[in-house]
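So this block is run-v2.cif, mmCIF, C-alpha atoms:
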data_protein
loop_
_atom_site.label_atom_id
_atom_site.label_comp_id
_atom_site.auth_asym_id
_atom_site.auth_seq_id
_atom_site.Cartn_x
_atom_site.Cartn_y
_atom_site.Cartn_z
CA ILE P 91 -24.50 33.42 -60.34
CA PRO P 92 -26.04 30.29 -61.92
CA ALA P 93 -23.85 28.74 -64.63
CA GLU P 94 -24.72 25.96 -67.06
CA VAL P 95 -22.26 23.19 -67.87
CA LEU P 96 -21.94 23.33 -71.67
CA GLU P 97 -19.25 20.71 -72.09
CA ILE P 98 -17.15 18.29 -70.04
CA ILE P 99 -13.71 17.38 -71.37
CA GLU P 100 -11.79 14.41 -69.99
CA GLU P 101 -8.22 15.67 -69.81
CA THR P 102 -6.60 12.75 -67.93
CA PRO P 103 -7.90 9.74 -65.99
CA ASN P 104 -8.56 11.97 -62.93
CA ILE P 105 -8.83 15.51 -64.36
CA LYS P 106 -11.74 17.05 -66.26
CA SER P 107 -12.37 20.50 -67.70
CA PHE P 108 -15.84 22.02 -67.42
CA LEU P 109 -16.99 24.68 -69.89
CA LEU P 110 -19.42 26.95 -68.03
CA LYS P 111 -21.82 29.58 -69.30
CA PRO P 112 -22.80 32.09 -66.56
CA LYS P 113 -26.39 33.35 -66.62
CA ALA P 114 -25.22 36.91 -65.82
CA ASP P 115 -22.26 39.13 -66.61
CA PHE P 116 -19.04 37.58 -65.35
CA SER P 117 -15.37 38.23 -66.01
CA PHE P 118 -12.07 37.47 -64.29
CA GLN P 119 -8.43 38.43 -64.42
CA THR P 120 -6.00 35.63 -65.13
CA GLY P 121 -4.87 34.07 -61.85
CA GLN P 122 -7.97 35.00 -59.85
CA PHE P 123 -10.19 32.21 -58.51
CA ILE P 124 -13.88 31.49 -58.13
CA GLU P 125 -15.96 29.51 -55.67
CA LEU P 126 -17.85 26.82 -57.59
CA THR P 127 -21.04 25.48 -55.98
CA LEU P 128 -22.67 22.12 -56.55
CA PRO P 129 -26.17 22.83 -55.19
CA GLY P 130 -27.03 20.78 -52.14
CA GLU P 131 -23.47 19.53 -51.73
CA GLY P 132 -21.11 22.44 -51.16
CA GLU P 133 -18.52 24.55 -52.90
CA ALA P 134 -14.80 24.64 -53.56
CA PRO P 135 -12.32 27.18 -55.00
CA PHE P 136 -10.93 26.83 -58.54
CA THR P 137 -8.88 29.08 -60.78
CA PRO P 138 -10.34 29.47 -64.29
CA SER P 139 -8.13 27.85 -66.91
CA SER P 140 -9.43 29.66 -69.99
CA ASN P 141 -8.76 32.91 -71.82
CA PRO P 142 -9.94 35.87 -69.68
CA LYS P 143 -10.70 37.79 -72.88
CA ILE P 144 -13.68 35.51 -73.55
CA LYS P 145 -16.52 36.92 -71.45
CA ASP P 146 -19.59 34.77 -72.18
CA LYS P 147 -18.14 31.44 -71.00
CA PHE P 148 -15.10 30.09 -69.19
CA GLU P 149 -13.45 26.84 -68.15
CA VAL P 150 -12.35 25.32 -64.88
CA THR P 151 -10.09 22.27 -64.82
CA ILE P 152 -10.70 20.03 -61.81
CA MET P 153 -8.72 17.13 -60.41
CA LYS P 154 -10.72 14.45 -58.59
CA ALA P 155 -9.24 14.73 -55.11
CA GLY P 156 -11.95 15.05 -52.46
CA ARG P 157 -15.69 14.92 -51.76
CA ILE P 158 -16.83 17.91 -53.85
CA THR P 159 -14.42 17.29 -56.73
CA SER P 160 -15.52 13.63 -56.88
CA LYS P 161 -19.16 14.69 -57.09
CA LEU P 162 -18.34 17.29 -59.77
CA HIS P 163 -16.68 14.56 -61.81
CA ASN P 164 -20.00 12.70 -61.81
CA ILE P 165 -22.22 15.51 -63.11
CA SER P 166 -23.41 15.69 -66.72
CA LYS P 167 -23.82 18.39 -69.35
CA ASN P 168 -26.57 20.98 -68.76
CA THR P 169 -26.17 20.75 -64.98
CA ILE P 170 -26.62 24.14 -63.31
CA LEU P 171 -23.81 25.05 -60.92
CA GLY P 172 -23.26 28.24 -58.94
CA ILE P 173 -20.29 30.59 -59.15
CA ARG P 174 -19.26 33.44 -56.92
CA GLY P 175 -16.32 35.73 -57.37
CA PRO P 176 -13.89 36.29 -58.89
CA TYR P 177 -11.71 36.71 -55.83
CA GLY P 178 -8.12 37.48 -55.00
CA GLU P 179 -5.15 38.92 -56.83
CA GLY P 180 -4.23 37.49 -60.22
CA TYR P 181 -1.04 37.63 -62.23
CA PRO P 182 0.39 41.19 -62.36
CA LEU P 183 0.65 41.38 -66.15
CA GLU P 184 1.75 45.02 -65.99
CA LYS P 185 4.96 43.83 -64.28
CA PHE P 186 5.60 41.32 -67.07
CA LYS P 187 5.54 43.84 -69.93
CA ASN P 188 8.72 44.15 -71.99
CA LYS P 189 10.17 41.14 -70.19
CA GLU P 190 10.88 37.50 -70.96
CA VAL P 191 8.34 35.37 -69.09
CA LEU P 192 9.27 31.91 -67.79
CA ILE P 193 6.25 29.76 -66.90
CA VAL P 194 6.89 26.55 -64.92
CA GLY P 195 3.99 24.20 -64.27
CA GLY P 196 3.51 20.83 -62.60
CA GLY P 197 0.52 18.52 -63.00
CA VAL P 198 -2.86 20.24 -62.68
CA GLY P 199 -0.93 23.46 -61.94
CA LEU P 200 -0.96 24.02 -65.70
CA ALA P 201 -4.65 24.98 -65.40
CA PRO P 202 -4.19 28.57 -64.15
CA LEU P 203 -1.00 28.80 -66.22
CA ARG P 204 -2.97 28.00 -69.37
CA SER P 205 -5.14 31.03 -68.61
CA LEU P 206 -1.98 33.10 -68.14
CA LEU P 207 -0.45 31.81 -71.36
CA LEU P 208 -3.59 32.67 -73.35
CA ALA P 209 -3.69 36.12 -71.71
CA LEU P 210 -0.08 36.71 -72.77
CA PHE P 211 -0.94 35.57 -76.31
CA ASN P 212 -3.73 38.19 -76.38
CA ASP P 213 -1.11 40.97 -76.23
CA ILE P 214 1.97 39.08 -77.36
CA ASP P 215 3.76 42.23 -78.59
CA ASP P 216 3.96 43.42 -74.97
CA TYR P 217 6.33 40.57 -74.06
CA LYS P 218 9.78 39.73 -75.40
CA LYS P 219 9.53 35.94 -75.10
CA ILE P 220 7.57 33.20 -73.33
CA VAL P 221 9.39 30.09 -72.08
CA LEU P 222 7.06 27.31 -70.92
CA ARG P 223 8.36 24.32 -68.97
CA TYR P 224 5.79 21.74 -67.87
CA GLY P 225 6.04 18.43 -66.07
CA ALA P 226 3.59 15.67 -65.13
CA ARG P 227 3.80 12.21 -63.63
CA THR P 228 3.27 10.20 -66.83
CA PRO P 229 2.37 11.00 -70.47
CA LYS P 230 -1.29 10.22 -69.63
CA ASP P 231 -1.23 12.90 -66.92
CA LEU P 232 -0.27 15.78 -69.25
CA LEU P 233 -3.00 18.39 -69.53
CA TYR P 234 -4.26 20.00 -72.77
CA GLN P 235 -2.13 17.79 -75.02
CA ASN P 236 -4.25 18.55 -78.07
CA GLU P 237 -3.44 22.28 -77.72
CA TYR P 238 0.37 22.11 -77.70
CA LYS P 239 0.74 22.37 -81.49
CA ASP P 240 -1.44 25.48 -81.59
CA TRP P 241 0.52 27.09 -78.76
CA GLN P 242 3.81 26.38 -80.49
CA LYS P 243 2.68 28.21 -83.62
CA ASN P 244 3.44 31.37 -81.66
CA LYS P 245 7.02 32.25 -82.57
CA LYS P 246 7.68 33.87 -79.19
CA LEU P 247 6.97 30.63 -77.30
CA ASP P 248 9.70 28.14 -76.37
CA MET P 249 8.08 25.03 -74.86
CA LEU P 250 9.46 21.84 -73.31
CA VAL P 251 7.56 19.07 -71.53
CA SER P 252 8.84 16.37 -69.18
CA VAL P 253 7.34 13.35 -67.39
CA ASP P 254 8.54 11.59 -64.25
CA VAL P 255 7.97 8.17 -65.83
CA GLY P 256 7.79 7.61 -69.59
CA ASP P 257 6.16 4.84 -71.62
CA GLU P 258 7.03 3.06 -74.87
CA ASN P 259 5.70 5.96 -76.96
CA TRP P 260 7.25 8.83 -74.99
CA LYS P 261 10.10 10.54 -76.87
CA GLY P 262 10.57 13.57 -74.62
CA ASN P 263 12.51 14.25 -71.42
CA VAL P 264 12.10 11.92 -68.45
CA GLY P 265 12.59 13.55 -65.05
CA VAL P 266 11.01 16.07 -62.73
CA VAL P 267 10.32 19.52 -64.17
CA THR P 268 13.50 21.03 -62.68
CA THR P 269 15.51 18.83 -65.08
CA ILE P 270 14.31 20.98 -68.00
CA LEU P 271 15.21 24.28 -66.33
CA LYS P 272 18.85 24.12 -67.39
CA ASP P 273 20.10 26.12 -70.39
CA LEU P 274 17.04 28.35 -70.40
CA PRO P 275 16.83 30.44 -73.59
CA LEU P 276 16.38 33.75 -71.81
CA GLU P 277 18.29 36.54 -70.12
CA ILE P 278 17.55 36.05 -66.43
CA LYS P 279 18.15 39.68 -65.46
CA LYS P 280 15.40 40.75 -67.87
CA ALA P 281 12.95 37.96 -67.00
CA VAL P 282 10.19 37.06 -64.59
CA ALA P 283 9.23 33.52 -63.56
CA VAL P 284 5.78 32.15 -62.72
CA VAL P 285 5.40 28.84 -60.86
CA CYS P 286 2.29 26.74 -60.21
CA GLY P 287 1.91 23.12 -59.19
CA PRO P 288 1.94 20.82 -56.16
CA PRO P 289 3.66 22.42 -53.12
CA ILE P 290 6.73 20.15 -53.27
CA MET P 291 7.19 20.97 -56.97
CA MET P 292 6.86 24.71 -56.30
CA LYS P 293 9.39 24.50 -53.47
CA PHE P 294 12.11 22.80 -55.50
CA THR P 295 11.37 24.85 -58.61
CA THR P 296 11.72 28.09 -56.64
CA LEU P 297 15.01 26.90 -55.13
CA LYS P 298 16.23 25.97 -58.62
CA LEU P 299 15.28 29.38 -59.99
CA LEU P 300 17.18 31.08 -57.17
CA ASP P 301 20.20 28.90 -57.99
CA LEU P 302 19.94 29.97 -61.63
CA GLY P 303 20.15 33.62 -60.62
CA PHE P 304 16.52 34.73 -60.37
CA LEU P 305 15.99 37.13 -57.50
CA PRO P 306 12.97 36.76 -55.16
CA PHE P 307 11.21 39.81 -56.64
CA GLN P 308 11.33 38.16 -60.10
CA ILE P 309 9.43 35.03 -59.02
CA PHE P 310 5.63 34.79 -58.79
CA ILE P 311 3.92 31.82 -57.15
CA SER P 312 0.30 30.62 -57.14
CA MET P 313 -0.43 29.46 -53.60
CA GLU P 314 -3.42 27.35 -52.55
CA LYS P 315 -3.33 26.88 -48.77
CA ASN P 316 -6.73 25.31 -48.17
CA MET P 317 -8.89 28.24 -49.23
CA SER P 318 -12.49 27.97 -48.06
CA CYS P 319 -14.66 31.10 -47.74
CA GLY P 320 -12.80 33.15 -50.36
CA LEU P 321 -13.36 36.34 -48.36
CA GLY P 322 -10.59 36.35 -45.76
CA LYS P 323 -13.03 35.56 -42.94
CA CYS P 324 -12.68 31.88 -42.05
CA GLY P 325 -8.91 31.91 -41.54
CA HIS P 326 -8.26 28.51 -43.13
CA CYS P 327 -5.82 29.92 -45.67
CA ARG P 328 -3.87 32.19 -43.37
CA MET P 329 -0.17 32.33 -44.23
CA GLY P 330 1.81 34.57 -41.90
CA ARG P 331 0.19 38.00 -42.12
CA PHE P 332 -1.57 37.12 -45.38
CA TYR P 333 -4.80 35.43 -46.33
CA VAL P 334 -4.19 33.53 -49.56
CA CYS P 335 -7.75 34.09 -50.79
CA LYS P 336 -7.64 37.84 -50.32
CA ASP P 337 -3.96 38.79 -50.70
CA GLY P 338 -3.18 36.06 -53.26
CA PRO P 339 -3.47 33.46 -54.61
CA VAL P 340 -0.64 34.93 -56.70
CA PHE P 341 2.25 36.20 -54.57
CA CYS P 342 5.64 37.60 -55.37
CA TYR P 343 8.17 35.33 -53.65
CA GLU P 344 9.81 38.43 -52.16
CA GLU P 345 6.65 38.96 -50.06
CA ILE P 346 6.45 35.49 -48.57
CA LYS P 347 9.98 34.07 -48.52
CA GLU P 348 10.48 34.69 -44.77
CA ILE P 349 7.20 33.01 -43.74
CA GLU P 350 7.60 29.55 -42.23
CA ASP P 351 5.93 26.50 -43.71
CA ILE P 352 4.68 28.17 -46.88
CA TRP P 353 5.03 24.87 -48.75
CA ASP P 354 3.03 22.77 -46.28
#

Let's see the structure in the file written out as structure tokens.
Amino acid sequence: IPAEVLEIIEETPNIKSFLLKPKADFSFQTGQFIELTLPGEGEAPFTPSSNPKIKDKFEVTIMKAGRITSKLHNISKNTILGIRGPYGEGYPLEKFKNKEVLIVGGGVGLAPLRSLLLALFNDIDDYKKIVLRYGARTPKDLLYQNEYKDWQKNKKLDMLVSVDVGDENWKGNVGVVTTILKDLPLEIKKAVAVVCGPPIMMKFTTLKLLDLGFLPFQIFISMEKNMSCGLGKCGHCRMGRFYVCKDGPVFCYEEIKEIEDIWD
């Protein structure tokens, strides 16, 4: 499906959000991903970062990390890109109903979690509480900073942010994201946890959650694993008996905890 770039937002020095308007009907469930094509150059998978309730346009948030992402960072408004999808399994919102939802994000991992957060806000009465814990490398690397005040207007949201390294203006917590997982304002037995970020962050966050008393079936993880075709055909994203693109990218930790090297 052709999609026009309506707006490009510079989130951090190496992360941009692209507001896209598809030229045909398109919708996604929060947590699913798309393949985004730069004509003549190639494609790469991204998880939409916007509210799935909005059908006529959507956002993807892209970190400059490789050949295609670098070229996408150089395009301008009104460029026509291609999208295919959506693919994969998103967040199982039906399993979150009537529960307290802990969301833990690291770096650009807040992109799919922003979509989840907005989806939860759409039907906020279905959930008892939302606890958001987010960490980034420095204050300049925090995503969506201009939206935090709006998010915090929701009385069911408890939000804390941390950075690995502060600066002279930073008044918040300094430390990796697991340092703000103590004294969580929720009842763990009645909660679910969602984790998304760099693999090393997801590994230590999951271990911390288990230490806190979360059971594997209460933890949901967004895996990446070098997805390529999006259709379960190329095998690049194989993880044990699963293909991340087809069976994920969202997995319950209970499903994958025995698979070796899931964090590599």

* Asked: Mind pulling up the distance from atom CA of Ser139 of chain P to atom CA of Leu192 of chain P?
  -> 17.9 Å

* Report the residues retrieved by the PyMOL selection byres ((chain P and resi 161-176) around 8) from the displayed file, expressed as a PyMOL selection string. => chain P and resi 91-98+106+112+117-118+122-129+154+157-160+177-178

* To do: Kindly resolve the PyMOL selection byres ((chain P and resi 202) around 8) on the present coordinates and return the residues as an MDAnalysis selection string.
  => chainID P and resid 120:121 137:140 199:201 203:206 286

* To do: Quick one: apply the PyMOL selection byres ((chain P and resi 342) around 6) to the file and drop the selected residues here as a ChimeraX atom specification.
  => /P:309-310,341,343-345

* To do: Rank nothing, just name the residue among P:Lys218, P:Lys143, P:Lys280, P:His326 nearest to Glu314 of chain P, using only C-alpha atoms.
  =>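 Smallest separation from Glu314 of chain P among the options: P:His326.
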
* To do: Please tell me which residues are no farther than 12 Å from (19.2, 34.8, -69.3) in the file, counting all atoms listed in the file, and write them as a list in words.
  =>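 Residues found, by chain and rising number: Lys189, Glu190, Val191, Leu192, Lys219, Val221, Leu271, Lys272, Asp273, Leu274, Pro275, Leu276, Glu277, Ile278, Lys279, Lys280, Ala281, Val282, Ala283, Leu299, Leu302, Gly303 and Phe304 of chain P.
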
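Considering the residues P:Gly225, P:Gly330, P:Pro182, P:Pro339 and counting all atoms listed in the file, Thr269 of chain P has its shortest atom-to-atom contact with P:Gly225.
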
* **Cut-off 8 Å around (-12.8, 28.5, -48.6) with only C-alpha atoms: residues as a list in words** =>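 Nearby residues: Glu125, Ala134, Pro135, Asn316, Met317, Ser318, Cys319, Gly320, Leu321, Cys324, His326, Cys327 and Cys335 of chain P.
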
* Polymer residues at most 12 Å from Asp354 of chain P, all atoms listed in the file, same-chain spacing of 6 or more positions, as a PyMOL selection string -> chain P and resi 288-293+313-316+327+329

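Distances to Arg328 of chain P were evaluated for P:Ile352, P:Val340, P:Leu207, P:Ile270 using all atoms listed in the file, and the minimum falls at P:Ile352.
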
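The space separating atom CA of Leu247 of chain P from atom CA of Ile214 of chain P comes to 9.8 Å.
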
* Asked: Suppose you want the space between atom CA of Gln235 of chain P and atom CA of Glu101 of chain P; what is it in Å?
  ->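 Computing the Euclidean distance for atom CA of Gln235 of chain P and atom CA of Glu101 of chain P yields 8.3 Å.
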
* To do: Could you tell me which of P:Lys261, P:Lys347, P:Lys230, P:Lys323 comes closest to Ile311 of chain P if we count only C-alpha atoms?
  =>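 Among the listed residues, P:Lys347 lies closest to Ile311 of chain P.
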
Edge lengths and centre in Å to one decimal, as lines of an AutoDock Vina configuration file, is what I'm after for the box along x, y and z that holds all listed atoms of segment 264-279 of chain P once 8 Å is added on each side.
center_x = 15.2
center_y = 25.8
center_z = -68.1
size_x = 25.8
size_y = 43.8
size_z = 26.9

* Residue with smallest distance to Tyr217 of chain P - pool P:Glu149, P:Glu184, P:Asp231, P:Glu237, counting only C-alpha atoms -> P:Glu184

* Counting all atoms listed in the file, figure out which residue out of P:Asn104, P:Arg227, P:Val285, P:Gly180 gets nearest to Asp257 of chain P. =>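 Looking at the shortest contact to Asp257 of chain P, the residue is P:Arg227.
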